$ cat structure-v9.tsv   # TSV, C-alpha atoms (C1' of nucleotides)
chain	number	residue	atom	x	y	z
K	1	MET	CA	-11.56	17.91	13.12
K	2	VAL	CA	-7.83	18.38	13.61
K	3	ALA	CA	-6.05	16.21	11.08
K	4	VAL	CA	-8.27	13.22	11.58
K	5	ASP	CA	-8.40	10.12	9.44
K	6	GLN	CA	-10.81	9.84	6.57
K	7	LEU	CA	-13.07	7.38	8.36
K	8	SER	CA	-13.61	9.82	11.20
K	9	ARG	CA	-14.28	12.62	8.74
K	10	ALA	CA	-16.83	10.51	6.91
K	11	PHE	CA	-18.72	9.57	10.06
K	12	VAL	CA	-18.58	13.14	11.33
K	13	ALA	CA	-19.92	14.35	8.00
K	14	LEU	CA	-22.92	12.03	8.07
K	15	ALA	CA	-23.62	12.67	11.74
K	16	ASP	CA	-25.46	15.90	10.88
K	17	PRO	CA	-29.06	15.62	9.60
K	18	THR	CA	-28.66	18.57	7.25
K	19	ARG	CA	-25.58	17.00	5.70
K	20	ARG	CA	-27.33	13.65	5.33
K	21	ASP	CA	-30.16	15.43	3.58
K	22	ILE	CA	-27.71	17.14	1.25
K	23	VAL	CA	-26.26	13.75	0.40
K	24	ALA	CA	-29.78	12.46	-0.26
K	25	ARG	CA	-30.47	15.30	-2.66
K	26	LEU	CA	-27.16	14.95	-4.41
K	27	SER	CA	-27.82	11.28	-4.93
K	28	VAL	CA	-30.74	12.30	-7.13
K	29	ARG	CA	-28.99	15.03	-9.08
K	30	ASP	CA	-26.07	17.42	-8.86
K	31	ALA	CA	-26.84	20.82	-7.40
K	32	THR	CA	-25.24	24.18	-6.76
K	33	VAL	CA	-24.77	25.73	-3.35
K	34	GLY	CA	-27.60	28.16	-3.96
K	35	GLU	CA	-30.01	25.47	-5.06
K	36	LEU	CA	-29.28	23.47	-1.95
K	37	ALA	CA	-29.54	26.50	0.29
K	38	GLU	CA	-33.11	27.13	-0.89
K	39	SER	CA	-34.15	23.90	0.77
K	40	TYR	CA	-33.07	24.80	4.27
K	41	ALA	CA	-33.93	27.53	6.72
K	42	MET	CA	-30.35	28.71	6.99
K	43	SER	CA	-27.98	31.00	5.19
K	44	MET	CA	-26.06	30.04	2.10
K	45	GLN	CA	-22.86	30.46	4.09
K	46	ALA	CA	-24.00	27.77	6.51
K	47	VAL	CA	-24.79	25.41	3.64
K	48	SER	CA	-21.42	26.21	2.14
K	49	LYS	CA	-19.79	25.17	5.40
K	50	HIS	CA	-21.69	21.90	5.40
K	51	LEU	CA	-20.54	21.24	1.86
K	52	LYS	CA	-17.00	21.92	2.89
K	53	VAL	CA	-17.26	19.26	5.55
K	54	LEU	CA	-18.68	16.80	3.04
K	55	GLU	CA	-15.99	17.70	0.55
K	56	GLU	CA	-13.15	17.21	3.03
K	57	ALA	CA	-14.65	13.87	3.91
K	58	GLY	CA	-14.40	12.92	0.24
K	59	LEU	CA	-18.14	12.48	-0.11
K	60	VAL	CA	-18.67	15.44	-2.42
K	61	SER	CA	-16.63	16.99	-5.22
K	62	ARG	CA	-17.14	20.35	-6.87
K	63	SER	CA	-16.41	21.54	-10.35
K	64	ARG	CA	-16.54	24.97	-11.92
K	65	ASP	CA	-19.21	26.21	-14.31
K	66	GLY	CA	-18.88	29.96	-14.61
K	67	GLN	CA	-19.44	31.36	-11.14
K	68	ARG	CA	-21.34	28.27	-10.10
K	69	ARG	CA	-19.86	25.44	-8.10
K	70	PRO	CA	-21.96	22.37	-8.89
K	71	CYS	CA	-21.72	19.66	-6.22
K	72	HIS	CA	-21.38	16.03	-7.13
K	73	LEU	CA	-21.77	13.01	-4.87
K	74	GLU	CA	-18.72	10.72	-4.66
K	75	PRO	CA	-19.98	7.41	-3.33
K	76	GLN	CA	-16.64	5.64	-3.04
K	77	VAL	CA	-16.22	6.73	0.57
K	78	PHE	CA	-19.42	4.90	1.38
K	79	ASP	CA	-17.56	1.66	0.79
K	80	LEU	CA	-14.99	2.63	3.38
K	81	MET	CA	-17.69	3.08	5.97
K	82	THR	CA	-19.71	0.00	5.15
K	83	SER	CA	-16.64	-2.19	5.12
K	84	TRP	CA	-15.66	-0.94	8.55
K	85	ILE	CA	-19.14	-1.49	9.89
K	86	GLU	CA	-19.60	-4.85	8.24
K	87	ARG	CA	-16.32	-6.11	9.63
K	88	TYR	CA	-17.31	-5.67	13.24
K	89	ARG	CA	-20.95	-6.46	12.75
K	90	ARG	CA	-19.93	-9.77	11.24
K	91	GLN	CA	-17.45	-10.52	13.98
K	92	ALA	CA	-20.00	-9.70	16.66
K	93	GLU	CA	-22.74	-11.79	15.11
K	94	GLU	CA	-20.30	-14.60	14.58
K	95	ARG	CA	-19.49	-14.49	18.24
K	96	PHE	CA	-23.10	-14.52	19.35
K	97	GLY	CA	-23.68	-17.68	17.40
K	98	ARG	CA	-26.05	-16.07	14.98
K	99	LEU	CA	-24.66	-18.29	12.31
K	100	ASP	CA	-27.91	-18.49	10.42
K	101	ALA	CA	-27.72	-14.89	9.36
K	102	LEU	CA	-24.03	-15.31	8.75
K	103	LEU	CA	-24.30	-18.36	6.58
K	104	ALA	CA	-26.81	-16.67	4.34
K	105	GLU	CA	-24.34	-13.89	3.89
K	106	MET	CA	-21.35	-16.13	3.36
K	107	ALA	CA	-23.23	-17.71	0.51
K	108	ASP	CA	-22.79	-14.38	-1.21
K	109	ASP	CA	-19.16	-13.52	-0.79
K	110	GLY	CA	-17.77	-16.86	0.37
K	111	ALA	CA	-15.57	-15.52	3.13
K	112	ARG	CA	-14.50	-18.71	4.86
K	113	THR	CA	-13.64	-17.66	8.38
K	114	GLU	CA	-13.63	-20.04	11.32
K	115	PRO	CA	-17.09	-20.34	12.83
K	116	THR	CA	-16.70	-19.05	16.38
K	117	GLY	CA	-13.22	-19.93	17.45
K	118	SER	CA	-10.61	-17.70	15.93
K	119	THR	CA	-11.68	-14.27	17.21
K	120	ASP	CA	-8.68	-12.99	15.34
K	121	GLY	CA	-7.79	-10.21	17.73
K	122	ASN	CA	-6.15	-8.01	15.14
K	123	HIS	CA	-8.42	-5.03	15.10
K	124	GLU	CA	-5.88	-2.52	13.96
K	125	GLU	CA	-6.87	1.03	13.11
K	126	ASP	CA	-5.48	4.45	13.75
K	127	ARG	CA	-5.49	3.63	17.41
K	128	PRO	CA	-5.89	6.53	19.75
K	129	GLN	CA	-3.20	7.09	22.33
K	130	GLN	CA	-2.71	3.96	24.31
K	131	SER	CA	-1.13	3.54	27.66
K	132	GLU	CA	0.10	-0.02	27.53
K	133	GLY	CA	0.03	-3.04	25.33
K	134	ALA	CA	-2.90	-4.79	23.76
K	135	PRO	CA	-5.67	-6.11	25.96
K	136	SER	CA	-4.44	-9.51	27.07
M	137	MET	CA	-26.64	15.64	21.06
M	138	VAL	CA	-29.91	17.29	22.05
M	139	ALA	CA	-32.63	14.73	21.42
M	140	VAL	CA	-31.42	13.76	17.99
M	141	ASP	CA	-32.59	10.80	15.96
M	142	GLN	CA	-30.95	7.43	16.34
M	143	LEU	CA	-29.17	7.61	13.01
M	144	SER	CA	-27.41	10.82	14.01
M	145	ARG	CA	-26.50	9.34	17.36
M	146	ALA	CA	-25.03	6.28	15.67
M	147	PHE	CA	-22.90	8.28	13.25
M	148	VAL	CA	-21.80	10.64	16.01
M	149	ALA	CA	-20.83	7.66	18.14
M	150	LEU	CA	-18.64	6.12	15.44
M	151	ALA	CA	-17.10	9.45	14.49
M	152	ASP	CA	-14.62	9.23	17.35
M	153	PRO	CA	-11.54	6.98	16.92
M	154	THR	CA	-11.53	5.95	20.57
M	155	ARG	CA	-15.16	4.89	20.34
M	156	ARG	CA	-14.54	2.98	17.13
M	157	ASP	CA	-11.70	1.20	18.84
M	158	ILE	CA	-13.94	0.33	21.76
M	159	VAL	CA	-16.42	-1.14	19.30
M	160	ALA	CA	-13.60	-3.13	17.72
M	161	ARG	CA	-12.58	-4.56	21.08
M	162	LEU	CA	-16.14	-5.33	22.09
M	163	SER	CA	-16.66	-7.19	18.85
M	164	VAL	CA	-14.02	-9.65	20.05
M	165	ARG	CA	-15.23	-10.01	23.62
M	166	ASP	CA	-17.28	-8.23	26.23
M	167	ALA	CA	-15.31	-6.03	28.59
M	168	THR	CA	-15.73	-3.91	31.69
M	169	VAL	CA	-15.11	-0.21	31.86
M	170	GLY	CA	-11.87	-0.72	33.73
M	171	GLU	CA	-10.57	-3.28	31.26
M	172	LEU	CA	-11.25	-0.93	28.38
M	173	ALA	CA	-9.74	2.03	30.20
M	174	GLU	CA	-6.42	0.19	30.54
M	175	SER	CA	-6.03	0.38	26.80
M	176	TYR	CA	-6.18	4.13	26.49
M	177	ALA	CA	-4.18	7.01	27.84
M	178	MET	CA	-7.15	8.60	29.52
M	179	SER	CA	-9.06	8.33	32.74
M	180	MET	CA	-11.71	5.74	33.39
M	181	GLN	CA	-14.25	8.54	33.65
M	182	ALA	CA	-13.49	9.55	30.08
M	183	VAL	CA	-13.95	5.98	28.87
M	184	SER	CA	-17.17	5.81	30.83
M	185	LYS	CA	-18.39	8.86	28.95
M	186	HIS	CA	-17.52	7.28	25.63
M	187	LEU	CA	-19.44	4.17	26.60
M	188	LYS	CA	-22.41	6.33	27.53
M	189	VAL	CA	-22.41	7.78	24.03
M	190	LEU	CA	-22.22	4.32	22.50
M	191	GLU	CA	-24.97	3.11	24.81
M	192	GLU	CA	-27.32	5.98	23.94
M	193	ALA	CA	-26.67	5.25	20.29
M	194	GLY	CA	-27.88	1.71	20.91
M	195	LEU	CA	-24.53	0.23	19.93
M	196	VAL	CA	-23.62	-1.05	23.39
M	197	SER	CA	-25.62	-2.50	26.26
M	198	ARG	CA	-24.48	-3.06	29.82
M	199	SER	CA	-25.45	-5.60	32.43
M	200	ARG	CA	-24.61	-5.97	36.09
M	201	ASP	CA	-22.16	-8.42	37.61
M	202	GLY	CA	-21.41	-7.39	41.14
M	203	GLN	CA	-19.93	-3.94	40.95
M	204	ARG	CA	-18.81	-4.53	37.40
M	205	ARG	CA	-20.69	-3.26	34.38
M	206	PRO	CA	-19.74	-5.53	31.49
M	207	CYS	CA	-20.25	-3.92	28.08
M	208	HIS	CA	-21.79	-5.83	25.23
M	209	LEU	CA	-21.88	-4.88	21.56
M	210	GLU	CA	-25.34	-4.60	20.00
M	211	PRO	CA	-24.82	-4.82	16.26
M	212	GLN	CA	-28.42	-4.21	15.17
M	213	VAL	CA	-27.86	-0.49	14.84
M	214	PHE	CA	-25.21	-1.24	12.26
M	215	ASP	CA	-27.98	-2.33	9.92
M	216	LEU	CA	-29.63	1.04	10.29
M	217	MET	CA	-26.47	2.77	9.15
M	218	THR	CA	-25.58	0.45	6.31
M	219	SER	CA	-29.11	0.55	4.95
M	220	TRP	CA	-29.02	4.35	4.92
M	221	ILE	CA	-25.64	4.40	3.21
M	222	GLU	CA	-26.50	1.67	0.74
M	223	ARG	CA	-29.65	3.44	-0.28
M	224	TYR	CA	-27.91	6.55	-1.50
M	225	ARG	CA	-24.83	4.80	-2.75
M	226	ARG	CA	-27.06	2.65	-4.90
M	227	GLN	CA	-29.06	5.59	-6.16
M	228	ALA	CA	-25.94	7.51	-7.04
M	229	GLU	CA	-24.34	4.62	-8.85
M	230	GLU	CA	-27.58	3.86	-10.57
M	231	ARG	CA	-27.65	7.42	-11.79
M	232	PHE	CA	-24.09	7.30	-13.07
M	233	GLY	CA	-24.45	3.88	-14.59
M	234	ARG	CA	-27.67	4.75	-16.32
M	235	LEU	CA	-26.33	7.77	-18.10
M	236	ASP	CA	-25.09	5.98	-21.17
M	237	ALA	CA	-28.07	3.67	-21.26
M	238	LEU	CA	-30.33	6.68	-20.86
M	239	LEU	CA	-28.87	8.54	-23.78
M	240	ALA	CA	-29.29	5.52	-25.98
M	241	GLU	CA	-32.87	5.21	-24.81
M	242	MET	CA	-33.70	8.85	-25.40
M	243	ALA	CA	-32.54	8.47	-28.95
M	244	ASP	CA	-35.22	5.84	-29.34
M	245	ASP	CA	-38.48	6.85	-27.71
M	246	GLY	CA	-38.06	10.55	-27.14
M	247	ALA	CA	-38.90	12.35	-23.87
M	248	ARG	CA	-41.58	10.09	-22.47
M	249	THR	CA	-39.91	9.15	-19.21
M	250	GLU	CA	-38.32	11.66	-16.94
M	251	PRO	CA	-34.56	11.16	-16.90
M	252	THR	CA	-33.53	11.24	-13.23
M	253	GLY	CA	-36.80	11.67	-11.42
M	254	SER	CA	-38.70	8.52	-12.15
M	255	THR	CA	-36.72	6.17	-9.99
M	256	ASP	CA	-38.01	7.45	-6.69
M	257	GLY	CA	-37.28	10.99	-5.66
M	258	ASN	CA	-38.71	10.55	-2.20
M	259	HIS	CA	-35.76	10.88	0.07
M	260	GLU	CA	-37.67	11.47	3.25
M	261	GLU	CA	-35.93	11.53	6.57
M	262	ASP	CA	-36.16	13.63	9.67
M	263	ARG	CA	-35.64	16.65	7.51
M	264	PRO	CA	-34.01	19.62	9.11
M	265	GLN	CA	-35.94	22.86	9.08
M	266	GLN	CA	-36.81	23.72	5.54
M	267	SER	CA	-37.88	27.01	4.11
M	268	GLU	CA	-39.86	25.91	1.10
M	269	GLY	CA	-41.02	22.83	-0.67
M	270	ALA	CA	-39.15	19.92	-2.14
M	271	PRO	CA	-36.26	20.56	-4.51
M	272	SER	CA	-38.14	21.11	-7.72
S	273	DG	C1'	-18.49	-2.49	60.88
S	274	DT	C1'	-13.94	-1.00	57.81
S	275	DT	C1'	-11.46	-1.33	53.68
S	276	DG	C1'	-10.89	-1.72	48.78
S	277	DT	C1'	-12.53	-1.99	44.05
S	278	DT	C1'	-15.41	-0.57	40.33
S	279	DC	C1'	-17.76	2.72	38.35
S	280	DT	C1'	-20.75	7.11	37.90
S	281	DC	C1'	-21.93	11.94	38.83
S	282	DA	C1'	-20.83	16.89	38.98
S	283	DA	C1'	-18.17	20.76	38.01
S	284	DC	C1'	-14.85	22.71	35.31
S	285	DC	C1'	-12.01	23.76	31.11
S	286	DA	C1'	-10.24	24.50	26.28
S	287	DA	C1'	-11.48	23.41	21.70
S	288	DT	C1'	-14.73	22.55	18.27
S	289	DC	C1'	-19.37	22.90	15.95
S	290	DG	C1'	-23.20	24.97	13.74
S	291	DG	C1'	-25.10	28.91	13.03
S	292	DT	C1'	-24.96	34.22	12.19
S	293	DT	C1'	-23.49	38.78	9.83
S	294	DG	C1'	-20.51	41.58	6.92
S	295	DA	C1'	-17.12	42.07	3.43
S	296	DG	C1'	-15.28	40.75	-0.87
S	297	DG	C1'	-13.68	37.76	-4.88
S	298	DA	C1'	-14.90	35.84	-9.48
S	299	DA	C1'	-17.40	35.62	-13.40
S	300	DG	C1'	-21.41	36.74	-16.67
S	301	DA	C1'	-24.60	40.72	-18.45
S	302	DG	C1'	-25.68	45.46	-19.68
Y	303	DC	C1'	-16.56	50.11	-17.22
Y	304	DT	C1'	-20.65	49.06	-13.80
Y	305	DC	C1'	-23.92	45.99	-11.92
Y	306	DT	C1'	-25.61	41.71	-10.45
Y	307	DT	C1'	-25.22	36.87	-9.30
Y	308	DC	C1'	-22.97	33.13	-6.97
Y	309	DC	C1'	-20.17	31.92	-3.70
Y	310	DT	C1'	-16.29	32.02	-0.06
Y	311	DC	C1'	-13.70	34.08	3.76
Y	312	DA	C1'	-13.39	36.10	8.38
Y	313	DA	C1'	-15.04	37.29	12.72
Y	314	DC	C1'	-18.13	36.44	16.12
Y	315	DC	C1'	-21.45	33.83	19.14
Y	316	DG	C1'	-23.75	30.19	22.10
Y	317	DA	C1'	-23.90	25.28	22.66
Y	318	DT	C1'	-21.63	20.97	22.56
Y	319	DT	C1'	-17.58	17.84	22.87
Y	320	DG	C1'	-13.78	15.44	24.95
Y	321	DG	C1'	-11.00	15.61	28.35
Y	322	DT	C1'	-9.81	16.64	33.50
Y	323	DT	C1'	-10.33	16.33	38.82
Y	324	DG	C1'	-12.84	15.35	43.07
Y	325	DA	C1'	-16.55	13.26	45.52
Y	326	DG	C1'	-19.28	9.42	46.32
Y	327	DA	C1'	-22.43	5.38	45.32
Y	328	DA	C1'	-22.58	0.32	45.12
Y	329	DC	C1'	-20.86	-3.85	46.01
Y	330	DA	C1'	-17.23	-7.48	47.61
Y	331	DA	C1'	-14.09	-8.88	51.06
Y	332	DC	C1'	-12.09	-8.79	55.28
$ encode --input "structure-v9.tsv" --output "structure tokens"
Amino acid sequence: MVAVDQLSRAFVALADPTRRDIVARLSVRDATVGELAESYAMSMQAVSKHLKVLEEAGLVSRSRDGQRRPCHLEPQVFDLMTSWIERYRRQAEERFGRLDALLAEMADDGARTEPTGSTDGNHEEDRPQQSEGAPS
Amino acid sequence: MVAVDQLSRAFVALADPTRRDIVARLSVRDATVGELAESYAMSMQAVSKHLKVLEEAGLVSRSRDGQRRPCHLEPQVFDLMTSWIERYRRQAEERFGRLDALLAEMADDGARTEPTGSTDGNHEEDRPQQSEGAPS
DNA sequence: GTTGTTCTCAACCAATCGGTTGAGGAAGAG
DNA sequence: CTCTTCCTCAACCGATTGGTTGAGAACAAC
């Protein structure tokens, strides 16, 4: 995790089962580090590290309450992930001709993209180091 | 990645910018290992490893065409991820949105319904090793 | 056959990850 | 003040990750 973008941090954060479980618990109610640590067979320091990862990913915030550090779920980052996923899922399904599933979805948000033809080709992102130009 | 569940594999796979970019390219069109490798400043072996990760996550499948191994995006796994995310995003927002409505309700009919617990409280999953029971 | 292309496997390496233990800071309680 | 509670920081450790190079398998083409 060396100065990576937020999307990478978010996916990295949710890649660990313990961290996903922490998110699940925090979605029910806020909790302190100690409370969370009781649930897992690991030290409080380890849980604290996991929370740090979640916090740096923007998924969790922490306030002060005496010597306690209550953890709070911040679900905005979820939108970042789902929008990334949905973008490419939609493009892929569009390409495979699964228009039935697509049309049902377009009834919701009315995104009028060309059926199969356009294949826009502008998938920008924090591209990793490239050697040459775009692919064709 | 030592025999982890599919959800972990999927998040791990998308945690790398190069792999996300591969997914982006494959959403436009299928591609061979060599074609993909031209786009990045790394060896074909490295790209092949990335594709292996994506394949084991179920995000990419590969067929044979002579000595080529065309890669194909399999977007079903995306649903697994979005449904996980949406579940907890919804629960969190529900919890935040209900706070005001809850307080108004508690002024009316007292403490008959449990504030946060009634909605579900069963966030099962392939729980990591726990020490004790559920969180209160 | 030989040659060339495409791709994978194996070994290696530095860096990171997920855990540990020990020490210590910060704040409430006696 | 001391003591305890809650939590973080630092150092360490083994396993994994993301890259490399070299060898070679599989297939097409000559």
$ residues_around --input "structure-v9.tsv" --residues "range 324-332 of chain Y" --least-positions-apart "2" --cutoff "9 Å" --atoms "only C-alpha atoms (C1' of nucleotides)" --output "list in words"
Gly202, Gln203 and Arg204 of chain M; DT274, DT275, DG276, DT277, DT278, DC279, DT280, DC281 and DA282 of chain S
$ closest_residue --input "structure-v9.tsv" --among "M:Gly233, M:His208, M:Ser197, M:Ala228" --to "chain K" --atoms "all atoms listed in the file"
M:Ala228
$ closest_atom_pairs --input "structure-v9.tsv" --of "chain Y" --to "chain K" --cutoff "8 Å" --atoms "only C-alpha atoms (C1' of nucleotides)" --output "tab-separated table"
residue	atom	partner	partner_atom	distance
Y:DC308	C1'	K:Gln67	CA	5.7
Y:DC309	C1'	K:Arg68	CA	7.5
Y:DT310	C1'	K:Gln45	CA	7.9
$ residues_around --input "structure-v9.tsv" --residues "DA312 in chain Y" --least-positions-apart "5" --cutoff "12 Å" --atoms "all atoms listed in the file" --output "PDB file with C-alpha atoms (C1' of nucleotides), in the coordinates of the input"
ATOM      1  CA  GLN K  45     -22.860  30.460   4.090  1.00  0.00           C
TER       2      GLN K  45
ATOM      3  C1'  DT S 293     -23.490  38.780   9.830  1.00  0.00           C
ATOM      4  C1'  DG S 294     -20.510  41.580   6.920  1.00  0.00           C
ATOM      5  C1'  DA S 295     -17.120  42.070   3.430  1.00  0.00           C
ATOM      6  C1'  DG S 296     -15.280  40.750  -0.870  1.00  0.00           C
TER       7       DG S 296
END
$ atom_distance --input "structure-v9.tsv" --atom1 "CA of Asp157 in chain M" --atom2 "CA of Val183 in chain M"
11.3 Å
$ atom_distance --input "structure-v9.tsv" --atom1 "CA of Phe78 in chain K" --atom2 "CA of Glu94 in chain K"
23.6 Å
$ residues_around --input "structure-v9.tsv" --residues "Asp152 in chain M" --least-positions-apart "3" --cutoff "10 Å" --atoms "only C-alpha atoms (C1' of nucleotides)" --output "ChimeraX atom specification"
/K:4,7-9,11-12,128 /M:147-149,155-158,186 /Y:320
